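Structure first, then comments.
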Amino acid sequence: MKSLVILISGRGSNMQALLESGYPRDCMTVISNNPNAAGLEIAKNYGVATIVLDHRSFPDRETFDVALAEKIDACKPKLVALAGFMRILSDRFVQHYQGRLMNIHPSLLPAFPGLGTHARALQEGVKIHGCTVHFVTPKLDHGPIVIQAAVPVLPDDTEQTLASRVLQLEHRIYPQAVRWFMDGCIQFIDNRVEVTNSGSDGMMLYSPGLPE
Ligand code: GAR
């Protein structure tokens, strides 16, 4: 089985979804740039190897990224999955993992890259919001999209209610995207992702609903 490296910085709920995905946990390694990340405890409880590399003990971004790449490469991963890894990665790092570095982002990209996605979605009055798994390119929260999931934005939504509805879908689509990649179902065509054998039923979603 090919190895999977998961990078986290905090809570680790998407990491947990990946740990529970059925992919063998002895092929997984979790790396955190934050020694206090709650996700580290979760990973240990699942018996998954963990590594802490505190970015604060490095003089600059490039030096940290080189050390991080060394740790990752020692695991010989087929895929590196960013799961709430809240650091901007240097272009050199991103290029080194081109085509095998995935991220999950809490918006329907290319809408709302960056932070505060749920508050911005509410402020804009969008009717549908969601999350995206994409391959990472040097441009922040941008790159070939693997899968997206959408939720309706409800009239009484707060940032928290919307975030929690989106997060539930994050936990479904990230394991799916990783499984597709590990199973060799992902192809790049003209810099876009094509998934073979996705089993999609092609259903459509409207919000608010349309009259019959
Ligand atoms: C998730 O909502 C993830 O989509 C987001 O951070 C949260 C991490 O939660 N990632 C980004 O905003 C990356 N641009 P988690 O640690 O519980 O998975």
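The way I read the labels, and the way they are meant: chains A, B, ... in the order of the structure tokens, residue 1 as the first residue of every chain, and ligand 1 as the first ligand shown, with later ones counted on from there.
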Could you make a table, as CSV, of the residues of chain A that have an atom within 6 Å of an atom of ligand 1, each with its nearest atom pair and distance in Å to one decimal, counting only C-alpha atoms and all ligand atoms, in chain and number order?
```
residue,atom,partner,partner_atom_place_in_ligand_line,distance
A:Gly10,CA,ligand 1,16 (O),4.9
A:Arg11,CA,ligand 1,16 (O),3.9
A:Gly12,CA,ligand 1,16 (O),3.5
A:Ser13,CA,ligand 1,17 (O),3.5
A:Asn14,CA,ligand 1,18 (O),3.7
A:Met15,CA,ligand 1,18 (O),5.9
A:Ala83,CA,ligand 1,18 (O),5.2
A:Gly84,CA,ligand 1,8 (C),3.6
A:Ile104,CA,ligand 1,4 (O),4.9
A:His105,CA,ligand 1,4 (O),4.0
A:Pro106,CA,ligand 1,4 (O),4.3
A:Gly114,CA,ligand 1,14 (N),5.8
A:Leu115,CA,ligand 1,12 (O),6.0
A:Leu167,CA,ligand 1,2 (O),5.9
```
>> Using only C-alpha atoms, which protein or nucleic acid residues come within 10 Å of stretch 51-64 of chain A? Drop anything in the same chain fewer than 2 positions from it, and give the result as a ChimeraX atom specification.
In response: /A:7-9,29-37,40,49,66-72,87-93
>> Using DSSP assignments from the backbone, pull out every residue in stretch 122-164 of chain A that falls under alpha helix (DSSP H) and give it to me as an MDAnalysis selection string.
In response: chainID A and resid 122:124 159:164
Could you dump the residues just selected with all heavy atoms as a compact mmCIF listing (two decimals), in the first residue's frame?
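As a result, selection-v7.txt now contains:
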```txt
# COMPACT_ATOMS: atom_id res chain seq x y z
N LEU A 122 -21.92 34.71 3.84
CA LEU A 122 -23.14 35.29 4.39
C LEU A 122 -23.26 36.76 3.99
O LEU A 122 -24.33 37.23 3.61
CB LEU A 122 -23.14 35.17 5.92
CG LEU A 122 -23.37 33.76 6.47
CD1 LEU A 122 -23.15 33.73 7.98
CD2 LEU A 122 -24.77 33.27 6.11
N GLN A 123 -22.14 37.46 4.04
CA GLN A 123 -22.15 38.87 3.71
C GLN A 123 -22.54 39.11 2.25
O GLN A 123 -23.26 40.05 1.93
CB GLN A 123 -20.75 39.43 3.95
CG GLN A 123 -20.71 40.90 4.20
CD GLN A 123 -19.34 41.30 4.76
OE1 GLN A 123 -18.39 40.52 4.72
NE2 GLN A 123 -19.26 42.50 5.28
N GLU A 124 -22.09 38.22 1.37
CA GLU A 124 -22.41 38.36 -0.06
C GLU A 124 -23.83 37.91 -0.38
O GLU A 124 -24.32 38.12 -1.48
CB GLU A 124 -21.44 37.53 -0.91
CG GLU A 124 -20.02 38.08 -0.96
CD GLU A 124 -19.93 39.41 -1.68
OE1 GLU A 124 -20.82 39.74 -2.49
OE2 GLU A 124 -18.96 40.14 -1.41
N GLU A 159 -22.50 32.34 11.04
CA GLU A 159 -21.22 31.81 10.57
C GLU A 159 -21.02 30.38 11.11
O GLU A 159 -20.56 29.50 10.39
CB GLU A 159 -20.12 32.74 11.09
CG GLU A 159 -18.80 32.54 10.41
CD GLU A 159 -17.74 33.50 10.93
OE1 GLU A 159 -18.09 34.56 11.51
OE2 GLU A 159 -16.56 33.18 10.75
N GLN A 160 -21.42 30.17 12.37
CA GLN A 160 -21.20 28.86 13.02
C GLN A 160 -22.08 27.78 12.42
O GLN A 160 -21.62 26.67 12.15
CB GLN A 160 -21.45 28.94 14.54
CG GLN A 160 -20.39 29.69 15.31
CD GLN A 160 -20.38 31.20 15.04
OE1 GLN A 160 -21.43 31.79 14.77
NE2 GLN A 160 -19.21 31.81 15.08
N THR A 161 -23.38 28.09 12.22
CA THR A 161 -24.27 27.04 11.69
C THR A 161 -23.86 26.68 10.26
O THR A 161 -23.86 25.51 9.88
CB THR A 161 -25.75 27.48 11.71
OG1 THR A 161 -25.91 28.67 10.94
CG2 THR A 161 -26.25 27.71 13.12
N LEU A 162 -23.49 27.71 9.51
CA LEU A 162 -23.08 27.44 8.12
C LEU A 162 -21.78 26.63 8.10
O LEU A 162 -21.65 25.65 7.36
CB LEU A 162 -22.91 28.78 7.39
CG LEU A 162 -22.65 28.71 5.89
CD1 LEU A 162 -23.71 27.91 5.16
CD2 LEU A 162 -22.57 30.13 5.32
N ALA A 163 -20.83 27.03 8.96
CA ALA A 163 -19.54 26.32 9.02
C ALA A 163 -19.75 24.86 9.37
O ALA A 163 -19.13 23.97 8.78
CB ALA A 163 -18.63 26.98 10.06
N SER A 164 -20.67 24.60 10.32
CA SER A 164 -20.81 23.20 10.74
C SER A 164 -21.52 22.38 9.67
O SER A 164 -21.19 21.21 9.47
CB SER A 164 -21.48 23.12 12.12
OG SER A 164 -22.85 22.91 11.98
```
>> Could you pull out the strand (DSSP E or B) residues of chain A, going by DSSP on the backbone, and write them as number ranges by chain?
In response: A: 3-8, 28-32, 49-52, 77-82, 101-105, 128-135, 145-152, 186-189, 192-195
> Can you tell me, as an MDAnalysis selection string, what residues are no more than 12 Å from A:Gln16 when counting only C-alpha atoms, ignoring any on the same chain fewer than 4 positions away?
Replying inline: chainID A and resid 6:8 10:12 20:23 25 28 30 38:48 83:84 170:172 174:175
Keeping only C-alpha atoms, write the selected residues as an mmCIF file, in the first residue's frame.
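The file below, out.cif, is the result:
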```cif
data_model
loop_
_atom_site.group_PDB
_atom_site.id
_atom_site.type_symbol
_atom_site.label_atom_id
_atom_site.label_comp_id
_atom_site.auth_asym_id
_atom_site.auth_seq_id
_atom_site.Cartn_x
_atom_site.Cartn_y
_atom_site.Cartn_z
ATOM 1 C CA ILE A 6 -1.514 14.358 6.275
ATOM 2 C CA LEU A 7 -0.486 17.863 7.324
ATOM 3 C CA ILE A 8 -2.442 19.581 10.090
ATOM 4 C CA GLY A 10 -5.186 22.433 14.628
ATOM 5 C CA ARG A 11 -8.425 20.630 15.377
ATOM 6 C CA GLY A 12 -7.867 17.794 12.927
ATOM 7 C CA GLU A 20 -11.562 6.693 9.406
ATOM 8 C CA SER A 21 -11.742 6.324 5.633
ATOM 9 C CA GLY A 22 -10.720 2.680 5.593
ATOM 10 C CA TYR A 23 -7.303 3.332 4.062
ATOM 11 C CA ARG A 25 -3.600 3.593 9.035
ATOM 12 C CA MET A 28 -0.421 7.129 7.169
ATOM 13 C CA VAL A 30 0.395 12.960 10.420
ATOM 14 C CA ALA A 38 -5.570 18.902 19.027
ATOM 15 C CA GLY A 39 -5.380 16.635 15.989
ATOM 16 C CA LEU A 40 -2.070 15.179 17.205
ATOM 17 C CA GLU A 41 -3.801 13.533 20.179
ATOM 18 C CA ILE A 42 -6.520 12.165 17.909
ATOM 19 C CA ALA A 43 -3.927 10.681 15.540
ATOM 20 C CA LYS A 44 -2.068 9.063 18.433
ATOM 21 C CA ASN A 45 -5.327 7.558 19.713
ATOM 22 C CA TYR A 46 -5.794 5.975 16.294
ATOM 23 C CA GLY A 47 -2.252 4.569 16.491
ATOM 24 C CA VAL A 48 -1.065 6.702 13.588
ATOM 25 C CA ALA A 83 -6.088 19.047 6.309
ATOM 26 C CA GLY A 84 -6.427 22.432 7.969
ATOM 27 C CA GLU A 170 -15.863 18.270 4.079
ATOM 28 C CA HIS A 171 -15.658 15.030 6.048
ATOM 29 C CA ARG A 172 -17.395 13.199 3.203
ATOM 30 C CA TYR A 174 -12.039 14.598 1.401
ATOM 31 C CA PRO A 175 -11.863 10.841 2.049
#
```
> Which polymer residues have any atom within 8 Å of an atom of A:Arg100, counting only C-alpha atoms, with same-chain residues fewer than 2 positions away left out, as number ranges by chain?
Replying inline: A: 78-80, 97-98, 102, 135
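For the atom pair formed by atom CA of A:Gly125 and atom CA of A:Pro138, the distance is 29.3 Å, given to one decimal.
Residue neighbourhood of stretch 190-200 of chain A, excluding near-sequence residues (fewer than 2 positions): Pro144, Ile145, Val146, Cys185, Ile186, Gln187, Phe188 and Gly202 of chain A, at 7 Å, using only C-alpha atoms.
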>> Here is a test: counting only C-alpha atoms, which residue of A:Ala150, A:Cys75, A:Ala121, A:Val178 is nearest to A:Asn103?
In response: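 Nearest to A:Asn103: A:Val178.
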> What is the distance between atom CA of A:Arg165 and atom CA of A:Ser207, in Å to one decimal?
Replying inline: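 So the two atoms, atom CA of A:Arg165 and atom CA of A:Ser207, lie 14.5 Å apart.
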> Quick one: residues within 7 Å of A:Ala177, only C-alpha atoms counted, chain neighbours fewer than 4 positions away excluded, as a list in words?
Replying inline: Val146, Ile147, Ile173 and Phe181 of chain A
Could the residues in this selection be written to a file with N, CA and C atoms, as a PDB file, in the first residue's frame?
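Written out: result_29.pdb:
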```pdb
ATOM      1  N   VAL A 146     -10.970  18.656  -7.614  1.00  0.00           N
ATOM      2  CA  VAL A 146     -11.272  17.222  -7.643  1.00  0.00           C
ATOM      3  C   VAL A 146     -12.751  16.989  -7.378  1.00  0.00           C
ATOM      4  N   ILE A 147     -13.266  17.618  -6.318  1.00  0.00           N
ATOM      5  CA  ILE A 147     -14.664  17.397  -5.922  1.00  0.00           C
ATOM      6  C   ILE A 147     -15.130  18.606  -5.109  1.00  0.00           C
ATOM      7  N   ILE A 173     -16.292  14.534   1.485  1.00  0.00           N
ATOM      8  CA  ILE A 173     -15.634  14.617   0.166  1.00  0.00           C
ATOM      9  C   ILE A 173     -14.121  14.413   0.233  1.00  0.00           C
ATOM     10  N   PHE A 181      -7.759   9.219  -5.659  1.00  0.00           N
ATOM     11  CA  PHE A 181      -6.349   9.397  -6.028  1.00  0.00           C
ATOM     12  C   PHE A 181      -5.578   8.101  -5.796  1.00  0.00           C
TER      13      PHE A 181
END
```
